[in-house]
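Written out below as structure tokens is the structure these notes cover.
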Amino acid sequence: MKRILVVGGGPAGLFFALLAKRSLPTADVVVREQNPSGVTYGWGFGFSQSAIDALRPTAPDIIAQLEGNSAHDVMEIVLNGEVVQIAGDTNHCNPRWALLNVLETAAEAAGVRISHDDMAELDEAELERWSLVVAADGINSRTRERFAGAFEPTVELTENWLAWYGTKKFFNPSIILHDTPDGVVMSHATRFSAEMSNFTIEIGQQTFDALGFASMTEAESVTVCEKLFADYLDGESLVSNHSPWFQAKFVHCARWSYRNLVLIGDALHTVHPSIGAGTRFGMRDAVYLLEGLVANAWDVTAGLDSYESRRKPVADGFQQAARRSIAWYEGLPHRRIDDPVKFALEFFMRTGRIRYPDFREQNKAVIETFETQLR
Amino acid sequence: MTHVGVVYDSRFGHTAAQARAVGEGAAAVAEVTARLYFVEDVVAEPERLDECDAMIFGSPTFMASASVGFKAFMEATSRIWLEQRWSGRLAAGFTNSGGHSGDKLNTLIQLNLFAMQHGMIWVGLGLLDGNDASHKSEANLNRLGGYLGAMAQSNSDQGIEGMLASDLATARALGERVARAAGQWHYKELAR
């Protein structure tokens, strides 16, 4: 009998456990999660239509529960209160905890055993007690660091500081840029449920220092941020959910597996909050890993090789786009942007994954302004 | 009123940003109106450009040559060429590529010869080399040293944000020069 351990009960880990158990019902599949049941951080996440379409065949029952709950076809680029509406791919949003609940319920129904409050450390000896160990323990993966000699990870911190708040104010997916005497402040906002929107604030180091966030409590930061974005929040408050200021980690690993241990999701590689694809990225890893194992009749060595060779080129392309996006956001505090339409065009061209003619075709009215309002 | 048209193609937005700067330069001149025309739009009806007293052509340089989109536009004007309908009007050109040279000059020559076939009058950039001495820098106008038209260079791993202000200012200078010339140029006199 196959014995499969998944370290980390986030979206990637739970999704892999579910797919593995469904694919190989005789296997013993265990998920080890450090947090108590129902405890998580953060707010909502989004799936693009292409992410929904890519994930649907692997688990149609899961995707059906996530599609269309809070869907957006329009994005708003906001520069000092001036709004430019941009049409694009539909974005399907959900609360992070709802996704975890859907996955956990389905995994347990399939027979996966989930062990919460489980801080057990993985070591070399324990690898031998399992047929396969999948480390999905997130951006701060202890597994990755414990076996750093094998995975050769690089972890870089972004220059900008972020805080992931929620708010009751309704937001279409928005990028808000607002000039203040202490520099530009930015927000990525999106409604992800009937009640709540994400409101992720991003600022440069100088602004972070000038406003003194380093020495503030979460509650004090919230109060200052509410004032900074008062023009956009219409009196609604910002809410913290384990939302300290952080510099995003950018993780990349030279090797993806070691013996029968393999990394997926943020533990292996990250994108950036700004392209909103981290959850999808990790769940796609789970799909590729499962496909590699199934294609090789659950031969772990061959399955892990197949996973890495098929997934890596795609994942590296995503990471390259994420790097460009990170660099673009890091550049914003150092430049002066004064035209909302030029800003919108620049925003959509930043990763090099959208072609200008396609953008133009979908946004005739915006481009009409760009082409004719030249003064 | 003199009307200046900026006819452009763009794949990832860099040449669009350059075209916009050319257009802004033209529109800044008194008694001049200006707008951008995307090649995909005018390829179907190039006669839309009959309203232009001067045309500034812009294409990315791909594989040492104008883009396929811009070439399609050039070929779509063959009926107008046969009638020499644009004869005597002013023309100019600009291009962008990832490489510092990228053989951009070839694209400008293509744009120039296209205008010559139409019997148009070419306006060059009119700026000395901006970065050909130790005391000069890439922050100067015409840092890439083109004379036939405006050149820009954009890093292949960056979007529009990576473009140098000097390249956009050079594009703007070209637009302004063409607009000033067009304000004084009576091409209908030439055709008489």
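Labeling convention for the structure tokens: chains A, B, ... as they appear, residues from 1 per chain, ligands from 1 in order of appearance.
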Handout entry: Polymer residues at most 6 Å from Glu152 of chain A, only C-alpha atoms, same-chain spacing of 4 or more positions, as a list of chain:residue names
Key =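 Contacts, in chain order: A:Ala148, A:Cys253, A:Ala254.
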Handout entry: Selection near Glu202 of chain A, 12 Å with only C-alpha atoms, sequence-local residues under 6 positions removed, as a PyMOL selection string
Key = chain A and resi 158-165+175-178+183-189+208+225+228-229+245-248+272-274+326+329-330+332-333
Problem - Spatial neighbours of Val133 of chain A, 7 Å, only C-alpha atoms, chain gap at least 3 places, as a PyMOL selection string - result: chain A and resi 4-6+127+130+260-262
Mind dumping the selected residues with C-alpha atoms as a tab-separated table (two decimals), in the first residue's frame?
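Generated file (result14.tsv):
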chain	number	residue	atom	x	y	z
A	4	ILE	CA	1.58	9.49	1.20
A	5	LEU	CA	2.35	12.34	3.58
A	6	VAL	CA	1.43	15.89	2.64
A	127	LEU	CA	11.16	10.01	4.70
A	130	TRP	CA	6.49	7.03	3.55
A	260	ASN	CA	10.92	10.65	-2.23
A	261	LEU	CA	10.35	14.23	-1.05
A	262	VAL	CA	8.96	16.84	-3.44
Handout entry: Contacts of Thr223 of chain A at 12 Å (only C-alpha atoms; same-chain gap of 2+ positions) as a PyMOL selection string
Key = chain A and resi 165+211+213+216-221+225-230+236-240
Store the residues picked out above, limited to C-alpha atoms, as a PDB file, in the first residue's frame.
ATOM      1  CA  TYR A 165      -6.336  44.010   4.723  1.00  0.00           C
ATOM      2  CA  LEU A 211       4.969  57.106   8.048  1.00  0.00           C
ATOM      3  CA  PHE A 213       4.951  51.813  10.159  1.00  0.00           C
ATOM      4  CA  MET A 216       3.292  50.588  14.878  1.00  0.00           C
ATOM      5  CA  THR A 217       0.917  47.870  16.030  1.00  0.00           C
ATOM      6  CA  GLU A 218      -1.439  46.326  13.448  1.00  0.00           C
ATOM      7  CA  ALA A 219      -4.290  48.447  14.826  1.00  0.00           C
ATOM      8  CA  GLU A 220      -2.263  51.661  14.527  1.00  0.00           C
ATOM      9  CA  SER A 221      -1.274  50.806  10.953  1.00  0.00           C
ATOM     10  CA  CYS A 225      -4.022  53.417   6.186  1.00  0.00           C
ATOM     11  CA  GLU A 226      -7.696  54.277   6.544  1.00  0.00           C
ATOM     12  CA  LYS A 227      -6.704  57.947   6.469  1.00  0.00           C
ATOM     13  CA  LEU A 228      -4.371  57.467   3.480  1.00  0.00           C
ATOM     14  CA  PHE A 229      -7.163  55.844   1.457  1.00  0.00           C
ATOM     15  CA  ALA A 230     -10.086  57.797   2.921  1.00  0.00           C
ATOM     16  CA  GLU A 236     -15.730  51.929   5.552  1.00  0.00           C
ATOM     17  CA  SER A 237     -12.998  50.655   7.826  1.00  0.00           C
ATOM     18  CA  LEU A 238     -10.069  48.405   7.002  1.00  0.00           C
ATOM     19  CA  VAL A 239      -9.919  45.086   8.825  1.00  0.00           C
ATOM     20  CA  SER A 240      -6.859  43.113   9.784  1.00  0.00           C
TER      21      SER A 240
END
Problem - Counting only C-alpha atoms, chain A residues within 8 Å of chain B, as a PyMOL selection string - result: chain A and resi 324+328+345-346+349-352+354-357+370-375
Handout entry: segment 128-139 of chain B environment, 9 Å, only C-alpha atoms, sequence neighbours closer than 6 positions dropped, as a ChimeraX atom specification
Key = /B:145-147,164-167
Next, dump the selected residues to file, keeping only C-alpha atoms, as a PDB file, in the first residue's frame.
ATOM      1  CA  GLY B 145      22.258  59.010 -32.965  1.00  0.00           C
ATOM      2  CA  GLY B 146      19.686  58.595 -35.739  1.00  0.00           C
ATOM      3  CA  TYR B 147      19.214  61.268 -38.392  1.00  0.00           C
ATOM      4  CA  LEU B 164      14.134  56.110 -21.354  1.00  0.00           C
ATOM      5  CA  ALA B 165      12.654  59.575 -20.993  1.00  0.00           C
ATOM      6  CA  SER B 166      15.253  60.727 -23.529  1.00  0.00           C
ATOM      7  CA  ASP B 167      13.908  58.385 -26.207  1.00  0.00           C
TER       8      ASP B 167
END
Problem - Shortest interatomic distance to Ser243 of chain A - which of A:Ala322, A:Ile201, A:Ile139, A:Ala87, counting only C-alpha atoms - result: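 Among the listed residues, A:Ile201 lies closest to Ser243 of chain A.
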Handout entry: Surrounding residues of segment 290-299 of chain A excluding itself and chain neighbours under 3 positions, 12 Å, only C-alpha atoms, as a PyMOL selection string
Key = chain A and resi 1-4+12-13+15-24+27+58+131-132+134+260+262+264+283-287+302-311
Limited to C-alpha atoms, could you put the picked residues into a file as a compact mmCIF listing (two decimals), in the first residue's frame?
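Writing the result to out_32.txt gives the following:
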# COMPACT_ATOMS: atom_id res chain seq x y z
CA MET A 1 0.00 0.00 0.00
CA LYS A 2 1.23 3.50 -0.83
CA ARG A 3 1.67 5.81 2.13
CA ILE A 4 1.58 9.49 1.20
CA ALA A 12 -1.88 23.17 -2.89
CA GLY A 13 -1.42 20.49 -0.23
CA PHE A 15 -5.74 19.72 -3.47
CA PHE A 16 -2.93 17.25 -4.05
CA ALA A 17 -4.13 15.04 -1.18
CA LEU A 18 -7.65 15.03 -2.61
CA LEU A 19 -6.51 14.23 -6.15
CA ALA A 20 -4.12 11.53 -4.94
CA LYS A 21 -6.73 9.79 -2.80
CA ARG A 22 -9.30 9.91 -5.59
CA SER A 23 -6.79 8.57 -8.08
CA LEU A 24 -5.45 5.85 -5.79
CA ALA A 27 -3.38 4.72 -0.60
CA THR A 58 -9.19 17.49 -12.58
CA SER A 131 6.25 6.12 -0.13
CA LEU A 132 6.01 9.80 -1.00
CA VAL A 134 4.83 16.20 -0.60
CA ASN A 260 10.92 10.65 -2.23
CA VAL A 262 8.96 16.84 -3.44
CA ILE A 264 4.83 22.13 -4.51
CA MET A 283 -2.92 24.03 -7.29
CA ARG A 284 -1.59 23.57 -10.83
CA ASP A 285 1.61 22.17 -9.31
CA ALA A 286 -0.58 19.58 -7.55
CA VAL A 287 -2.19 18.63 -10.87
CA ALA A 302 9.93 8.50 -12.46
CA GLY A 303 6.82 10.42 -11.38
CA LEU A 304 8.84 13.19 -9.71
CA ASP A 305 11.13 13.47 -12.75
CA SER A 306 8.14 13.78 -15.02
CA TYR A 307 6.55 16.41 -12.75
CA GLU A 308 9.65 18.57 -12.81
CA SER A 309 10.41 18.25 -16.50
CA ARG A 310 6.84 19.07 -17.58
CA ARG A 311 5.98 21.69 -14.99
Practice task
Excluding Ser101 of chain B and any residue of its chain fewer than 4 positions from it, enumerate the residues within 9 Å of it, using only C-alpha atoms, and give them as a list in words.
Solution key: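 Counting only C-alpha atoms, the residues come to Ser97, Leu105, Leu144 and Gln153 of chain B.
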Practice task
Give the strand (DSSP E) residues of segment 45-235 of chain A, as assigned by DSSP on the backbone, as a ChimeraX atom specification.
Solution key: /A:45-48,71-79,82-95,113-115,132-135,153-157,161-167,174-180,183-191,197-203
